[in-house]
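model.cif (mmCIF, C-alpha atoms and all ligand atoms) appears below.
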```
data_structure
#
loop_
_atom_site.group_PDB
_atom_site.id
_atom_site.type_symbol
_atom_site.label_atom_id
_atom_site.label_comp_id
_atom_site.auth_asym_id
_atom_site.auth_seq_id
_atom_site.Cartn_x
_atom_site.Cartn_y
_atom_site.Cartn_z
ATOM 1 C CA MET Z 16 -27.041 33.840 27.743
ATOM 2 C CA SER Z 17 -23.384 34.237 28.686
ATOM 3 C CA ILE Z 18 -23.342 30.663 30.031
ATOM 4 C CA PHE Z 19 -24.685 29.528 26.692
ATOM 5 C CA ILE Z 20 -21.979 31.463 24.843
ATOM 6 C CA ASN Z 21 -19.273 30.021 27.104
ATOM 7 C CA THR Z 22 -20.570 26.538 26.473
ATOM 8 C CA MET Z 23 -20.595 27.182 22.773
ATOM 9 C CA ALA Z 24 -17.018 28.498 22.957
ATOM 10 C CA ALA Z 25 -15.956 25.407 24.908
ATOM 11 C CA LEU Z 26 -17.671 23.130 22.424
ATOM 12 C CA LEU Z 27 -16.150 25.030 19.552
ATOM 13 C CA SER Z 28 -12.620 24.804 20.954
ATOM 14 C CA THR Z 29 -13.097 21.078 21.620
ATOM 15 C CA PHE Z 30 -14.236 20.672 18.074
ATOM 16 C CA MET Z 31 -11.232 22.620 16.771
ATOM 17 C CA VAL Z 32 -8.796 20.461 18.740
ATOM 18 C CA ALA Z 33 -10.528 17.377 17.452
ATOM 19 C CA SER Z 34 -10.442 18.539 13.867
ATOM 20 C CA ALA Z 35 -6.761 19.500 14.176
ATOM 21 C CA SER Z 36 -5.785 15.968 15.178
ATOM 22 C CA TYR Z 37 -8.089 14.597 12.499
ATOM 23 C CA ALA Z 38 -6.248 16.754 9.960
ATOM 24 C CA GLN Z 39 -2.949 15.291 11.146
ATOM 25 C CA ILE Z 40 -4.214 11.782 10.573
ATOM 26 C CA ILE Z 41 -5.361 12.756 7.104
ATOM 27 C CA TYR Z 42 -1.987 14.388 6.474
ATOM 28 C CA THR Z 43 -0.149 11.084 6.462
ATOM 29 C CA GLN Z 44 -2.878 9.170 4.704
ATOM 30 C CA VAL Z 45 -2.458 7.440 1.410
ATOM 31 C CA LYS Z 46 -5.400 6.303 -0.661
ATOM 32 C CA VAL Z 47 -5.154 2.698 -1.814
ATOM 33 C CA ASP Z 48 -7.265 1.786 -4.832
ATOM 34 C CA ASP Z 49 -7.972 -1.654 -6.207
ATOM 35 C CA PRO Z 50 -5.393 -3.743 -4.326
ATOM 36 C CA TRP Z 51 -4.987 -7.227 -5.782
ATOM 37 C CA VAL Z 52 -2.663 -10.194 -5.660
ATOM 38 C CA ARG Z 53 -1.968 -12.605 -8.485
ATOM 39 C CA ALA Z 54 -3.295 -16.078 -7.713
ATOM 40 C CA THR Z 55 -0.732 -18.905 -7.680
ATOM 41 C CA VAL Z 56 -0.422 -22.500 -8.837
ATOM 42 C CA PRO Z 57 0.500 -25.265 -6.334
ATOM 43 C CA GLN Z 58 4.176 -25.160 -5.228
ATOM 44 C CA GLN Z 59 4.565 -21.544 -6.369
ATOM 45 C CA THR Z 60 6.418 -19.668 -3.629
ATOM 46 C CA THR Z 61 6.213 -16.053 -4.801
ATOM 47 C CA THR Z 62 3.647 -13.701 -6.260
ATOM 48 C CA GLY Z 63 3.054 -10.014 -6.817
ATOM 49 C CA ALA Z 64 0.646 -7.524 -5.254
ATOM 50 C CA PHE Z 65 -0.599 -4.543 -7.210
ATOM 51 C CA MET Z 66 -2.612 -1.389 -6.462
ATOM 52 C CA LEU Z 67 -2.871 2.322 -7.097
ATOM 53 C CA LEU Z 68 -1.426 4.575 -4.361
ATOM 54 C CA THR Z 69 -2.250 8.262 -4.038
ATOM 55 C CA ALA Z 70 -0.607 10.161 -1.178
ATOM 56 C CA GLN Z 71 -2.212 13.270 0.350
ATOM 57 C CA SER Z 72 1.236 14.772 0.907
ATOM 58 C CA ASP Z 73 4.758 13.848 -0.186
ATOM 59 C CA SER Z 74 5.554 10.523 1.412
ATOM 60 C CA LYS Z 75 6.843 7.079 0.594
ATOM 61 C CA LEU Z 76 5.939 3.449 0.893
ATOM 62 C CA VAL Z 77 8.732 1.980 3.034
ATOM 63 C CA SER Z 78 7.590 -1.579 3.615
ATOM 64 C CA ALA Z 79 4.806 -4.096 3.358
ATOM 65 C CA ALA Z 80 3.959 -7.279 5.214
ATOM 66 C CA SER Z 81 1.444 -10.090 4.946
ATOM 67 C CA PRO Z 82 0.692 -13.137 7.092
ATOM 68 C CA VAL Z 83 0.577 -15.287 3.919
ATOM 69 C CA ALA Z 84 4.265 -14.699 3.098
ATOM 70 C CA GLU Z 85 7.496 -15.157 5.010
ATOM 71 C CA HIS Z 86 8.738 -11.836 3.789
ATOM 72 C CA VAL Z 87 7.631 -9.048 1.529
ATOM 73 C CA GLU Z 88 9.760 -6.771 -0.630
ATOM 74 C CA LEU Z 89 9.195 -3.695 -2.780
ATOM 75 C CA HIS Z 90 10.269 -4.350 -6.360
ATOM 76 C CA THR Z 91 10.585 -2.596 -9.663
ATOM 77 C CA MET Z 92 10.932 -4.083 -13.135
ATOM 78 C CA THR Z 93 13.154 -2.672 -15.833
ATOM 79 C CA MET Z 94 14.002 -3.709 -19.350
ATOM 80 C CA GLU Z 95 17.644 -4.798 -19.713
ATOM 81 C CA ASN Z 96 18.742 -6.096 -23.128
ATOM 82 C CA ASP Z 97 15.142 -6.915 -24.031
ATOM 83 C CA ILE Z 98 14.714 -8.935 -20.849
ATOM 84 C CA MET Z 99 12.471 -7.793 -18.028
ATOM 85 C CA LYS Z 100 14.422 -7.868 -14.789
ATOM 86 C CA MET Z 101 13.169 -7.082 -11.360
ATOM 87 C CA ARG Z 102 15.106 -5.711 -8.464
ATOM 88 C CA GLN Z 103 14.363 -4.736 -4.911
ATOM 89 C CA ILE Z 104 13.957 -1.058 -4.056
ATOM 90 C CA PRO Z 105 14.316 0.304 -0.510
ATOM 91 C CA GLU Z 106 11.232 2.530 -0.786
ATOM 92 C CA LEU Z 107 8.752 3.904 -3.273
ATOM 93 C CA ALA Z 108 8.375 7.690 -3.409
ATOM 94 C CA LEU Z 109 4.804 9.029 -3.533
ATOM 95 C CA ALA Z 110 4.487 12.675 -4.533
ATOM 96 C CA ALA Z 111 1.437 14.501 -3.183
ATOM 97 C CA ALA Z 112 -1.719 13.850 -5.199
ATOM 98 C CA GLU Z 113 0.142 11.943 -7.914
ATOM 99 C CA PRO Z 114 -1.192 8.415 -8.285
ATOM 100 C CA VAL Z 115 1.530 5.769 -8.463
ATOM 101 C CA ALA Z 116 0.543 2.479 -10.059
ATOM 102 C CA LEU Z 117 1.925 -0.796 -8.779
ATOM 103 C CA LYS Z 118 1.288 -3.003 -11.782
ATOM 104 C CA SER Z 119 2.514 -5.871 -13.866
ATOM 105 C CA GLY Z 120 5.818 -4.961 -15.485
ATOM 106 C CA GLY Z 121 6.443 -2.053 -13.113
ATOM 107 C CA TYR Z 122 6.529 -1.380 -9.400
ATOM 108 C CA HIS Z 123 5.031 -4.151 -7.341
ATOM 109 C CA ILE Z 124 4.992 -5.668 -3.902
ATOM 110 C CA MET Z 125 6.602 -9.101 -3.890
ATOM 111 C CA LEU Z 126 5.265 -11.764 -1.560
ATOM 112 C CA ILE Z 127 8.057 -14.282 -0.949
ATOM 113 C CA GLY Z 128 7.876 -17.634 0.802
ATOM 114 C CA LEU Z 129 4.139 -18.173 0.387
ATOM 115 C CA LYS Z 130 2.696 -20.367 3.117
ATOM 116 C CA LYS Z 131 -0.115 -21.708 0.935
ATOM 117 C CA GLN Z 132 -1.545 -21.517 -2.530
ATOM 118 C CA ILE Z 133 -3.443 -18.316 -3.269
ATOM 119 C CA SER Z 134 -6.637 -19.016 -5.156
ATOM 120 C CA GLU Z 135 -8.721 -16.617 -7.183
ATOM 121 C CA GLY Z 136 -11.128 -14.764 -4.897
ATOM 122 C CA ASN Z 137 -9.039 -15.151 -1.705
ATOM 123 C CA MET Z 138 -8.742 -11.999 0.379
ATOM 124 C CA ILE Z 139 -5.100 -11.416 1.284
ATOM 125 C CA PRO Z 140 -4.476 -9.173 4.309
ATOM 126 C CA MET Z 141 -1.526 -6.843 3.976
ATOM 127 C CA THR Z 142 -0.011 -4.082 6.078
ATOM 128 C CA LEU Z 143 1.523 -1.147 4.241
ATOM 129 C CA THR Z 144 3.901 1.196 6.059
ATOM 130 C CA PHE Z 145 4.143 4.760 4.810
ATOM 131 C CA GLU Z 146 6.490 7.504 5.965
ATOM 132 C CA ASP Z 147 5.873 11.219 5.518
ATOM 133 C CA ASN Z 148 8.501 13.946 5.074
ATOM 134 C CA ASP Z 149 8.778 14.404 8.850
ATOM 135 C CA GLY Z 150 9.600 10.743 9.350
ATOM 136 C CA ASN Z 151 6.176 9.855 10.801
ATOM 137 C CA ARG Z 152 5.208 6.307 9.985
ATOM 138 C CA THR Z 153 1.660 5.122 9.357
ATOM 139 C CA HIS Z 154 0.614 1.500 9.111
ATOM 140 C CA MET Z 155 -2.356 0.748 6.907
ATOM 141 C CA GLN Z 156 -4.237 -2.543 6.852
ATOM 142 C CA ILE Z 157 -5.641 -3.532 3.487
ATOM 143 C CA GLN Z 158 -7.258 -6.597 1.931
ATOM 144 C CA ALA Z 159 -6.099 -7.494 -1.556
ATOM 145 C CA THR Z 160 -8.289 -9.698 -3.737
ATOM 146 C CA ALA Z 161 -6.606 -12.621 -5.472
ATOM 147 C CA ARG Z 162 -7.186 -12.518 -9.203
ATOM 148 C CA SER Z 163 -6.528 -14.971 -11.983
ATOM 149 C CA LEU Z 164 -3.002 -15.922 -13.016
ATOM 150 C CA HIS Z 165 -3.753 -14.559 -16.433
ATOM 151 C CA ASP Z 166 -4.850 -11.106 -15.325
ATOM 152 C CA GLY Z 167 -2.655 -8.526 -17.020
ATOM 153 C CA ALA Z 168 0.737 -9.216 -18.569
ATOM 154 C CA SER Z 169 2.877 -12.109 -17.440
ATOM 155 C CA ASN Z 170 4.974 -11.263 -14.411
ATOM 156 C CA ASN Z 171 7.246 -14.199 -13.731
ATOM 157 C CA HIS Z 172 9.439 -13.835 -10.674
ATOM 158 C CA GLN Z 173 10.966 -17.286 -10.519
HETATM 159 CU CU CU Z 201 9.089 -8.965 -7.899
#
```

Go through the file and emit its structure as structure tokens.
Ligand SMILES: [Cu+2]
Amino acid sequence: MSIFINTMAALLSTFMVASASYAQIIYTQVKVDDPWVRATVPQQTTTGAFMLLTAQSDSKLVSAASPVAEHVELHTMTMENDIMKMRQIPELALAAAEPVALKSGGYHIMLIGLKKQISEGNMIPMTLTFEDNDGNRTHMQIQATARSLHDGASNNHQ
């Protein structure tokens, strides 16, 4: 009986260690909903990627990358004198449990120097890098679906 109890205690402590490290992984996790990329016409060299990000704890999106683009930037769009202008931002803050929408006319991920045309239905691999308040970085692989040029409001980056 005591051997059984010891085994149970050992199993239990193993389980607790395991769940503690699992909790740490969860701690830095960000939920990514509905990632998509706007399809392009031939010769188009840039496009936007959009999604809904919900962080488990206060963190930020610090960078993104994709094999389909030479480089990738985080952008925001603002209205200046009735003209939508976009500019690069160094990072995008994600408050715990508050969904942040990357969407047409707002925050977005900009794919620059496209290596080929992106057609509707293509799956575009992307890596998102998040950083939590302690400076821990997490890389997340996602697949964004390419949707029609006409999905949502116009978002011209030329
Ligand atoms: Cu942009």

Exercise for review: Output the neighbourhood of ligand CU 201 (chain Z) as a ChimeraX atom specification, that is, all protein and nucleic acid residues with some atom at most 12 Å from the ligand, counting all atoms listed in the file.
Suggested key: /Z:53,60-65,87-93,99-104,117-127,169-173

Could you take the residues named above and write them with C-alpha atoms, as a PDB file, in the coordinates of the input?
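Contents of the output file selection.pdb:
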```pdb
ATOM      1  CA  ARG Z  53      -1.968 -12.605  -8.485  1.00  0.00           C
ATOM      2  CA  THR Z  60       6.418 -19.668  -3.629  1.00  0.00           C
ATOM      3  CA  THR Z  61       6.213 -16.053  -4.801  1.00  0.00           C
ATOM      4  CA  THR Z  62       3.647 -13.701  -6.260  1.00  0.00           C
ATOM      5  CA  GLY Z  63       3.054 -10.014  -6.817  1.00  0.00           C
ATOM      6  CA  ALA Z  64       0.646  -7.524  -5.254  1.00  0.00           C
ATOM      7  CA  PHE Z  65      -0.599  -4.543  -7.210  1.00  0.00           C
ATOM      8  CA  VAL Z  87       7.631  -9.048   1.529  1.00  0.00           C
ATOM      9  CA  GLU Z  88       9.760  -6.771  -0.630  1.00  0.00           C
ATOM     10  CA  LEU Z  89       9.195  -3.695  -2.780  1.00  0.00           C
ATOM     11  CA  HIS Z  90      10.269  -4.350  -6.360  1.00  0.00           C
ATOM     12  CA  THR Z  91      10.585  -2.596  -9.663  1.00  0.00           C
ATOM     13  CA  MET Z  92      10.932  -4.083 -13.135  1.00  0.00           C
ATOM     14  CA  THR Z  93      13.154  -2.672 -15.833  1.00  0.00           C
ATOM     15  CA  MET Z  99      12.471  -7.793 -18.028  1.00  0.00           C
ATOM     16  CA  LYS Z 100      14.422  -7.868 -14.789  1.00  0.00           C
ATOM     17  CA  MET Z 101      13.169  -7.082 -11.360  1.00  0.00           C
ATOM     18  CA  ARG Z 102      15.106  -5.711  -8.464  1.00  0.00           C
ATOM     19  CA  GLN Z 103      14.363  -4.736  -4.911  1.00  0.00           C
ATOM     20  CA  ILE Z 104      13.957  -1.058  -4.056  1.00  0.00           C
ATOM     21  CA  LEU Z 117       1.925  -0.796  -8.779  1.00  0.00           C
ATOM     22  CA  LYS Z 118       1.288  -3.003 -11.782  1.00  0.00           C
ATOM     23  CA  SER Z 119       2.514  -5.871 -13.866  1.00  0.00           C
ATOM     24  CA  GLY Z 120       5.818  -4.961 -15.485  1.00  0.00           C
ATOM     25  CA  GLY Z 121       6.443  -2.053 -13.113  1.00  0.00           C
ATOM     26  CA  TYR Z 122       6.529  -1.380  -9.400  1.00  0.00           C
ATOM     27  CA  HIS Z 123       5.031  -4.151  -7.341  1.00  0.00           C
ATOM     28  CA  ILE Z 124       4.992  -5.668  -3.902  1.00  0.00           C
ATOM     29  CA  MET Z 125       6.602  -9.101  -3.890  1.00  0.00           C
ATOM     30  CA  LEU Z 126       5.265 -11.764  -1.560  1.00  0.00           C
ATOM     31  CA  ILE Z 127       8.057 -14.282  -0.949  1.00  0.00           C
ATOM     32  CA  SER Z 169       2.877 -12.109 -17.440  1.00  0.00           C
ATOM     33  CA  ASN Z 170       4.974 -11.263 -14.411  1.00  0.00           C
ATOM     34  CA  ASN Z 171       7.246 -14.199 -13.731  1.00  0.00           C
ATOM     35  CA  HIS Z 172       9.439 -13.835 -10.674  1.00  0.00           C
ATOM     36  CA  GLN Z 173      10.966 -17.286 -10.519  1.00  0.00           C
TER      37      GLN Z 173
END
```

Practice item. Just say which residues the PyMOL selection byres (((chain Z and resi 147) around 8) and not hetatm) picks in this file, as a list in words. Key: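 Those residues are Thr43, Ser72, Asp73, Ser74, Lys75, Phe145, Glu146, Asn148, Asp149, Gly150, Asn151 and Arg152 of chain Z.
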
Practice item. Kindly resolve the PyMOL selection byres (((chain Z and resi 109) around 8) and not hetatm) on the present coordinates and return the residues as a list in words. Key: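 Matching residues under the PyMOL selection byres (((chain Z and resi 109) around 8) and not hetatm) are Leu68, Thr69, Ala70, Asp73, Ser74, Lys75, Leu76, Leu107, Ala108, Ala110, Ala111, Glu113, Pro114 and Val115 of chain Z.
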
Since we have the selection now, will you write its residues out, keeping C-alpha atoms, as a PDB file, keeping the file's coordinate frame?
```pdb
ATOM      1  CA  LEU Z  68      -1.426   4.575  -4.361  1.00  0.00           C
ATOM      2  CA  THR Z  69      -2.250   8.262  -4.038  1.00  0.00           C
ATOM      3  CA  ALA Z  70      -0.607  10.161  -1.178  1.00  0.00           C
ATOM      4  CA  ASP Z  73       4.758  13.848  -0.186  1.00  0.00           C
ATOM      5  CA  SER Z  74       5.554  10.523   1.412  1.00  0.00           C
ATOM      6  CA  LYS Z  75       6.843   7.079   0.594  1.00  0.00           C
ATOM      7  CA  LEU Z  76       5.939   3.449   0.893  1.00  0.00           C
ATOM      8  CA  LEU Z 107       8.752   3.904  -3.273  1.00  0.00           C
ATOM      9  CA  ALA Z 108       8.375   7.690  -3.409  1.00  0.00           C
ATOM     10  CA  ALA Z 110       4.487  12.675  -4.533  1.00  0.00           C
ATOM     11  CA  ALA Z 111       1.437  14.501  -3.183  1.00  0.00           C
ATOM     12  CA  GLU Z 113       0.142  11.943  -7.914  1.00  0.00           C
ATOM     13  CA  PRO Z 114      -1.192   8.415  -8.285  1.00  0.00           C
ATOM     14  CA  VAL Z 115       1.530   5.769  -8.463  1.00  0.00           C
TER      15      VAL Z 115
END
```

Exercise for review: Would you kindly return, as a ChimeraX atom specification, each protein, DNA or RNA residue with an atom no farther than 7 Å from any atom of Ala80 (chain Z), considering all atoms listed in the file and excluding same-chain residues fewer than 5 positions away?
Suggested key: /Z:86-87,141-143

**Study point:** Point-to-point distance in Å for CA of Leu129 (chain Z) and CA of Val83 (chain Z)
**Key:**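 These atoms are spaced 5.8 Å apart.
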
Check your understanding: CA of Met138 (chain Z) and CA of Val45 (chain Z) are how many Å apart?
Key ->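 Here the two named atoms are 20.5 Å from each other.
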
Neighbouring residues of Gln132 (chain Z) were defined as those with any atom within 8 Å, considering only C-alpha atoms; residues of the same chain fewer than 5 positions away were excluded. Please report them as a PDB file with C-alpha atoms, in the coordinates of the input.
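Result file out_3.pdb:
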```
ATOM      1  CA  ALA Z  54      -3.295 -16.078  -7.713  1.00  0.00           C
ATOM      2  CA  THR Z  55      -0.732 -18.905  -7.680  1.00  0.00           C
ATOM      3  CA  VAL Z  56      -0.422 -22.500  -8.837  1.00  0.00           C
ATOM      4  CA  PRO Z  57       0.500 -25.265  -6.334  1.00  0.00           C
ATOM      5  CA  GLN Z  58       4.176 -25.160  -5.228  1.00  0.00           C
ATOM      6  CA  GLN Z  59       4.565 -21.544  -6.369  1.00  0.00           C
TER       7      GLN Z  59
END
```
